[in-house]
$ cat data-v9.tsv   # TSV, C-alpha atoms
chain	number	residue	atom	x	y	z
A	1	MET	CA	-12.63	12.23	5.09
A	2	ARG	CA	-13.13	8.79	6.66
A	3	VAL	CA	-10.29	6.47	5.62
A	4	THR	CA	-9.81	2.77	6.40
A	5	VAL	CA	-6.18	1.72	6.81
A	6	PHE	CA	-4.92	-1.84	6.47
A	7	GLY	CA	-1.47	-2.65	7.83
A	8	ALA	CA	-1.93	0.18	10.33
A	9	THR	CA	0.55	-1.14	12.90
A	10	GLY	CA	3.42	-1.58	10.44
A	11	LYS	CA	6.32	0.78	9.83
A	12	ILE	CA	4.59	2.55	6.96
A	13	GLY	CA	1.00	2.01	8.07
A	14	SER	CA	1.49	3.61	11.49
A	15	ARG	CA	2.92	6.67	9.75
A	16	VAL	CA	-0.06	6.74	7.39
A	17	VAL	CA	-2.45	6.79	10.35
A	18	ALA	CA	-0.50	9.56	12.08
A	19	ARG	CA	-0.50	11.61	8.88
A	20	LEU	CA	-4.24	11.13	8.39
A	21	LEU	CA	-4.94	12.33	11.91
A	22	ALA	CA	-2.60	15.29	11.53
A	23	ASP	CA	-4.43	16.28	8.36
A	24	GLY	CA	-7.81	16.14	10.09
A	25	HIS	CA	-9.10	12.89	8.62
A	26	GLU	CA	-10.95	10.18	10.51
A	27	ALA	CA	-9.01	6.91	10.60
A	28	VAL	CA	-10.50	3.44	10.81
A	29	VAL	CA	-7.81	0.79	11.33
A	30	PHE	CA	-8.09	-2.93	10.72
A	31	VAL	CA	-5.84	-4.81	13.11
A	32	ARG	CA	-5.28	-8.32	14.42
A	33	ASN	CA	-4.11	-7.00	17.78
A	34	PRO	CA	-5.39	-3.55	18.89
A	35	ALA	CA	-2.75	-3.47	21.64
A	36	LYS	CA	-0.15	-2.81	18.96
A	37	LEU	CA	-1.71	0.57	18.18
A	38	GLY	CA	0.11	2.12	21.13
A	39	ASP	CA	-0.35	5.89	21.28
A	40	LEU	CA	-2.76	5.79	18.35
A	41	ALA	CA	-5.36	3.88	20.38
A	42	GLY	CA	-8.21	6.15	21.38
A	43	ARG	CA	-7.62	8.40	18.39
A	44	VAL	CA	-8.85	5.90	15.81
A	45	THR	CA	-11.71	3.48	15.28
A	46	ALA	CA	-10.19	0.01	15.56
A	47	ILE	CA	-11.77	-3.02	13.89
A	48	GLU	CA	-10.23	-6.26	15.09
A	49	GLY	CA	-10.08	-9.18	12.70
A	50	GLN	CA	-8.21	-11.29	10.18
A	51	LEU	CA	-7.79	-10.54	6.49
A	52	SER	CA	-9.25	-13.98	5.83
A	53	ASP	CA	-12.59	-12.89	7.38
A	54	PRO	CA	-14.74	-11.13	4.74
A	55	ASP	CA	-17.29	-9.98	7.33
A	56	ALA	CA	-14.65	-8.28	9.50
A	57	VAL	CA	-13.04	-6.66	6.47
A	58	GLY	CA	-16.46	-5.49	5.35
A	59	ARG	CA	-17.12	-3.86	8.74
A	60	ALA	CA	-13.84	-1.97	8.45
A	61	VAL	CA	-14.59	-0.71	4.95
A	62	ALA	CA	-18.29	0.12	5.27
A	63	GLY	CA	-18.97	3.85	5.45
A	64	SER	CA	-15.46	4.95	4.52
A	65	ASP	CA	-14.58	7.32	1.70
A	66	ALA	CA	-11.33	5.57	0.81
A	67	VAL	CA	-8.98	2.73	1.71
A	68	ILE	CA	-5.22	2.98	2.14
A	69	SER	CA	-3.40	-0.34	2.27
A	70	ALA	CA	0.10	-0.43	3.71
A	71	LEU	CA	0.10	-4.22	3.59
A	72	GLY	CA	3.19	-6.01	2.37
A	73	PRO	CA	4.24	-9.65	2.10
A	74	ASP	CA	6.52	-11.61	4.41
A	75	LEU	CA	10.05	-11.12	3.05
A	76	SER	CA	11.37	-14.30	4.68
A	77	LEU	CA	13.10	-16.81	2.45
A	78	PHE	CA	10.91	-19.50	4.00
A	79	ALA	CA	7.57	-17.72	3.64
A	80	LYS	CA	4.82	-19.77	2.03
A	81	GLY	CA	1.35	-19.13	0.77
A	82	THR	CA	-0.29	-15.89	-0.32
A	83	PRO	CA	-2.17	-14.55	2.73
A	84	VAL	CA	-1.65	-10.88	1.89
A	85	ALA	CA	-2.63	-11.30	-1.75
A	86	ASP	CA	-5.70	-13.25	-0.68
A	87	GLY	CA	-6.44	-10.52	1.86
A	88	THR	CA	-6.15	-7.85	-0.83
A	89	ARG	CA	-8.72	-9.69	-2.91
A	90	THR	CA	-10.99	-9.71	0.15
A	91	ILE	CA	-10.50	-5.96	0.59
A	92	VAL	CA	-11.31	-5.26	-3.07
A	93	ALA	CA	-14.45	-7.40	-2.86
A	94	ALA	CA	-15.54	-5.63	0.35
A	95	MET	CA	-15.00	-2.21	-1.23
A	96	GLN	CA	-17.09	-3.18	-4.24
A	97	ARG	CA	-19.78	-4.61	-1.97
A	98	HIS	CA	-20.00	-1.44	0.12
A	99	GLY	CA	-19.56	1.08	-2.69
A	100	VAL	CA	-16.15	2.39	-1.60
A	101	ARG	CA	-14.30	3.44	-4.75
A	102	ARG	CA	-10.88	4.89	-3.83
A	103	TYR	CA	-8.03	2.47	-3.14
A	104	ILE	CA	-4.43	3.53	-2.49
A	105	GLY	CA	-1.76	0.93	-1.88
A	106	LEU	CA	1.81	-0.24	-2.33
A	107	GLY	CA	3.58	-2.32	-4.96
A	108	THR	CA	6.95	-3.01	-6.57
A	109	PRO	CA	8.64	-1.60	-9.70
A	110	SER	CA	9.13	-5.21	-10.78
A	111	ALA	CA	5.44	-5.10	-11.70
A	112	ALA	CA	5.17	-3.04	-14.88
A	113	ASP	CA	2.86	-0.12	-15.55
A	114	PRO	CA	1.86	0.34	-19.23
A	115	ARG	CA	3.42	3.82	-19.08
A	116	ASP	CA	6.87	2.45	-18.21
A	117	SER	CA	9.44	2.57	-20.99
A	118	PRO	CA	9.57	-0.63	-23.09
A	119	ARG	CA	13.32	-0.55	-22.37
A	120	ARG	CA	12.86	-0.13	-18.62
A	121	ARG	CA	15.56	-1.72	-16.50
A	122	ILE	CA	15.43	-2.94	-12.92
A	123	PRO	CA	18.92	-3.02	-11.33
A	124	ARG	CA	20.50	-6.47	-11.69
A	125	LEU	CA	21.08	-6.85	-7.95
A	126	THR	CA	17.44	-6.02	-7.19
A	127	ALA	CA	16.24	-8.55	-9.77
A	128	TRP	CA	18.62	-11.24	-8.50
A	129	VAL	CA	17.59	-10.80	-4.86
A	130	ALA	CA	13.92	-10.90	-5.82
A	131	ARG	CA	14.34	-14.05	-7.88
A	132	HIS	CA	16.49	-16.00	-5.43
A	133	HIS	CA	15.61	-14.77	-1.94
A	134	ILE	CA	12.08	-13.37	-1.87
A	135	TRP	CA	10.36	-15.25	-4.67
A	136	ASN	CA	7.28	-15.94	-2.52
A	137	ALA	CA	7.03	-12.25	-1.60
A	138	MET	CA	7.25	-11.31	-5.27
A	139	THR	CA	4.49	-13.78	-6.07
A	140	GLU	CA	2.36	-12.05	-3.44
A	141	LEU	CA	3.19	-8.57	-4.73
A	142	TYR	CA	2.27	-9.46	-8.31
A	143	ALA	CA	-1.00	-11.02	-7.16
A	144	MET	CA	-1.83	-8.02	-4.94
A	145	THR	CA	-1.26	-5.64	-7.83
A	146	ASP	CA	-3.34	-7.73	-10.20
A	147	ALA	CA	-6.23	-7.93	-7.72
A	148	VAL	CA	-6.38	-4.14	-7.57
A	149	ALA	CA	-5.49	-3.21	-11.16
A	150	SER	CA	-8.00	-5.66	-12.65
A	151	SER	CA	-10.83	-4.20	-10.56
A	152	SER	CA	-13.18	-1.35	-11.37
A	153	LEU	CA	-11.97	0.65	-8.35
A	154	GLU	CA	-10.39	4.10	-8.57
A	155	TRP	CA	-6.96	2.87	-7.54
A	156	THR	CA	-3.40	4.09	-7.22
A	157	VAL	CA	-0.51	1.72	-6.46
A	158	ALA	CA	2.72	3.42	-5.38
A	159	ARG	CA	5.71	1.27	-6.34
A	160	ILE	CA	8.55	1.36	-3.81
A	161	THR	CA	11.89	-0.41	-3.63
A	162	ASN	CA	13.95	0.54	-0.59
A	163	PRO	CA	11.96	2.13	2.26
A	164	VAL	CA	14.17	3.43	5.08
A	165	ASP	CA	13.66	4.77	8.59
A	166	ALA	CA	14.81	8.34	8.13
A	167	PRO	CA	13.37	11.81	8.71
A	168	SER	CA	11.13	13.24	6.02
A	169	ARG	CA	13.18	14.89	3.31
A	170	GLY	CA	10.23	16.74	1.84
A	171	THR	CA	11.41	15.79	-1.64
A	172	LEU	CA	9.67	13.45	-4.00
A	173	ARG	CA	10.31	11.82	-7.34
A	174	ALA	CA	7.35	10.11	-8.93
A	175	GLY	CA	6.84	8.75	-12.41
A	176	PHE	CA	7.32	5.74	-14.62
A	177	VAL	CA	10.30	3.43	-14.88
A	178	GLY	CA	12.61	4.23	-17.78
A	179	ARG	CA	10.81	7.49	-18.55
A	180	ASP	CA	11.14	9.60	-15.40
A	181	ASP	CA	14.02	10.32	-13.04
A	182	VAL	CA	12.96	8.11	-10.13
A	183	GLY	CA	15.41	6.58	-7.66
A	184	TRP	CA	15.17	3.66	-5.25
A	185	ARG	CA	15.44	4.81	-1.59
A	186	MET	CA	12.64	6.62	0.20
A	187	SER	CA	11.89	7.62	3.76
A	188	ARG	CA	8.88	5.82	5.20
A	189	GLU	CA	7.65	9.22	6.39
A	190	ASP	CA	7.60	10.44	2.80
A	191	ILE	CA	5.97	7.24	1.54
A	192	ALA	CA	3.16	7.78	4.04
A	193	ALA	CA	2.82	11.41	2.98
A	194	PHE	CA	2.54	10.37	-0.67
A	195	LEU	CA	-0.15	7.78	0.07
A	196	VAL	CA	-2.25	10.21	2.08
A	197	GLY	CA	-1.74	12.89	-0.56
A	198	GLN	CA	-3.40	10.67	-3.15
A	199	LEU	CA	-6.72	11.10	-1.37
A	200	THR	CA	-7.05	14.51	-3.02
A	201	ASP	CA	-4.79	14.07	-6.05
A	202	ALA	CA	-6.00	12.34	-9.22
A	203	THR	CA	-2.68	12.59	-11.10
A	204	TYR	CA	-2.01	8.88	-10.75
A	205	LEU	CA	-5.57	7.58	-10.86
A	206	ARG	CA	-5.55	3.97	-12.14
A	207	ALA	CA	-1.75	4.11	-12.41
A	208	MET	CA	1.31	2.66	-10.67
A	209	PRO	CA	3.85	5.44	-10.19
A	210	ALA	CA	7.30	4.52	-8.94
A	211	ILE	CA	8.24	6.87	-6.09
A	212	SER	CA	11.45	7.77	-4.29
A	213	ASN	CA	13.25	10.64	-2.55

$ encode --input "data-v9.tsv" --output "C-alpha cells"
Amino acid sequence: MRVTVFGATGKIGSRVVARLLADGHEAVVFVRNPAKLGDLAGRVTAIEGQLSDPDAVGRAVAGSDAVISALGPDLSLFAKGTPVADGTRTIVAAMQRHGVRRYIGLGTPSAADPRDSPRRRIPRLTAWVARHHIWNAMTELYAMTDAVASSSLEWTVARITNPVDAPSRGTLRAGFVGRDDVGWRMSREDIAAFLVGQLTDATYLRAMPAISN
C-alpha cells in the first residue's frame, strides 16, 4: 500500500514511517527539510514543501492509497495562529481532489466523539492545563478534528493524551471516554503501531477512539 505521511520527522511520525516500511508499505513523506529524515532518506519518497502550499500537498497525496497524519500543534504558551489546522484543511482538500479516501490522524480526548458517555470526565488537571497553558494548541486540535470529521473521507482520529518515549508494550486499550477502560499514557511506538494498523482495520471507521497502553 502506498501511504503519504505528514509530520514524518516528528517523534510519532518517524515511528509511523519506520513501521510502514517494516510492514512492506511504500511511504511518501511530506517534509519541510528532507535532511531531517536521517536514516529514512533513500527508503522513502520525499516531497518537500509547506503545509500552506496546496500544490505541494497535492503532489504528496496524489496516487496514494491512504494518508496518515502525525501532525500536532505547537504546545508553547506563546504559540499563535492555526498553521496545523489550516494545513489539515489543505490535506483534506487535496485528498478529495485526488480521490484519496482513507485518512488516519491524531486528536485529543477533549474533543468528544458521539459514542463517549454523556457523563464522560476528563481529569481536572488535564482540563486545567489545557485551558490555561495550551489554549492555542487546543484551538488547533479542535479545528483539525472538525476539518476531518466534517469531511466525506473515510477517517479515523486516534485521541491521545500523554505520549511517552518508551519501548513498545504490545498492549492496547482503545474505546470511548466514559464507556471503555482507556488510560492516559501511551508509548509513541504503540501509537505508531495503532495508526498503521488502521490501514487494514475498519473497526473505528469515521470514529475517534481514545487509545492508551

$ atom_distance --input "data-v9.tsv" --atom1 "CA of Ile104 in chain A" --atom2 "CA of Phe78 in chain A"
28.4 Å

$ atom_distance --input "data-v9.tsv" --atom1 "CA of Phe6 in chain A" --atom2 "CA of Phe194 in chain A"
16.0 Å

$ residues_around --input "data-v9.tsv" --residues "Arg206 in chain A" --least-positions-apart "6" --cutoff "7 Å" --atoms "all atoms listed in the file" --output "list in words"
Glu154, Trp155 and Thr156 of chain A

$ closest_residue --input "data-v9.tsv" --among "A:Val157, A:Ala79, A:Ala46, A:Ala66" --to "Pro34 in chain A" --atoms "all atoms listed in the file"
A:Ala46

$ atom_distance --input "data-v9.tsv" --atom1 "CA of Val196 in chain A" --atom2 "CA of Met138 in chain A"
24.6 Å

$ residues_around --input "data-v9.tsv" --residues "Gly49 in chain A" --least-positions-apart "6" --cutoff "9 Å" --atoms "all atoms listed in the file" --output "list in words"
Phe30, Val31, Arg32, Asn33, Ala56 and Val57 of chain A

$ residues_around --input "data-v9.tsv" --residues "Leu21 in chain A" --least-positions-apart "2" --cutoff "12 Å" --atoms "only C-alpha atoms" --output "PDB file with C-alpha atoms, in the coordinates of the input"
ATOM      1  CA  MET A   1     -12.630  12.230   5.090  1.00  0.00           C
ATOM      2  CA  ARG A   2     -13.130   8.790   6.660  1.00  0.00           C
ATOM      3  CA  VAL A   3     -10.290   6.470   5.620  1.00  0.00           C
ATOM      4  CA  VAL A   5      -6.180   1.720   6.810  1.00  0.00           C
ATOM      5  CA  SER A  14       1.490   3.610  11.490  1.00  0.00           C
ATOM      6  CA  ARG A  15       2.920   6.670   9.750  1.00  0.00           C
ATOM      7  CA  VAL A  16      -0.060   6.740   7.390  1.00  0.00           C
ATOM      8  CA  VAL A  17      -2.450   6.790  10.350  1.00  0.00           C
ATOM      9  CA  ALA A  18      -0.500   9.560  12.080  1.00  0.00           C
ATOM     10  CA  ARG A  19      -0.500  11.610   8.880  1.00  0.00           C
ATOM     11  CA  ASP A  23      -4.430  16.280   8.360  1.00  0.00           C
ATOM     12  CA  GLY A  24      -7.810  16.140  10.090  1.00  0.00           C
ATOM     13  CA  HIS A  25      -9.100  12.890   8.620  1.00  0.00           C
ATOM     14  CA  GLU A  26     -10.950  10.180  10.510  1.00  0.00           C
ATOM     15  CA  ALA A  27      -9.010   6.910  10.600  1.00  0.00           C
ATOM     16  CA  VAL A  28     -10.500   3.440  10.810  1.00  0.00           C
ATOM     17  CA  VAL A  29      -7.810   0.790  11.330  1.00  0.00           C
ATOM     18  CA  LEU A  40      -2.760   5.790  18.350  1.00  0.00           C
ATOM     19  CA  ALA A  41      -5.360   3.880  20.380  1.00  0.00           C
ATOM     20  CA  GLY A  42      -8.210   6.150  21.380  1.00  0.00           C
ATOM     21  CA  ARG A  43      -7.620   8.400  18.390  1.00  0.00           C
ATOM     22  CA  VAL A  44      -8.850   5.900  15.810  1.00  0.00           C
ATOM     23  CA  THR A  45     -11.710   3.480  15.280  1.00  0.00           C
ATOM     24  CA  ALA A 193       2.820  11.410   2.980  1.00  0.00           C
ATOM     25  CA  VAL A 196      -2.250  10.210   2.080  1.00  0.00           C
TER      26      VAL A 196
END

$ axis_aligned_box --input "data-v9.tsv" --around "range 139-151 of chain A" --padding-each-side "3 Å" --output "AutoDock Vina command-line options"
--center_x -3.2 --center_y -8.5 --center_z -8.0 --size_x 21.3 --size_y 16.6 --size_z 15.2

$ closest_residue --input "data-v9.tsv" --among "A:Pro114, A:Gly183, A:Pro109, A:Pro54" --to "Val92 in chain A" --atoms "all atoms listed in the file"
A:Pro54

$ closest_residue --input "data-v9.tsv" --among "A:Thr90, A:Thr108, A:Thr145, A:Asn162" --to "Asp55 in chain A" --atoms "only C-alpha atoms"
A:Thr90

$ closest_residue --input "data-v9.tsv" --among "A:Arg89, A:Ile68, A:Leu37, A:Gly63" --to "Leu51 in chain A" --atoms "all atoms listed in the file"
A:Arg89

$ closest_residue --input "data-v9.tsv" --among "A:Leu195, A:Gly99, A:Thr88, A:Ala166" --to "Asp146 in chain A" --atoms "only C-alpha atoms"
A:Thr88

$ residues_around --input "data-v9.tsv" --residues "Ala137 in chain A" --least-positions-apart "6" --cutoff "12 Å" --atoms "all atoms listed in the file" --output "ChimeraX atom specification"
/A:71-85,107-108,110,129-131,143-144

$ closest_residue --input "data-v9.tsv" --among "A:Gly87, A:Gly38, A:Gly175, A:Gly105" --to "Ala192 in chain A" --atoms "all atoms listed in the file"
A:Gly105

$ residues_near_point --input "data-v9.tsv" --point "(-15.1, -1.6, -1.6)" --cutoff "10 Å" --atoms "all atoms listed in the file" --output "list in words"
Val57, Gly58, Val61, Ala62, Gly63, Ser64, Asp65, Ala66, Val67, Thr90, Ile91, Val92, Ala93, Ala94, Met95, Gln96, Arg97, His98, Gly99, Val100, Arg101, Arg102, Tyr103, Ser152 and Leu153 of chain A
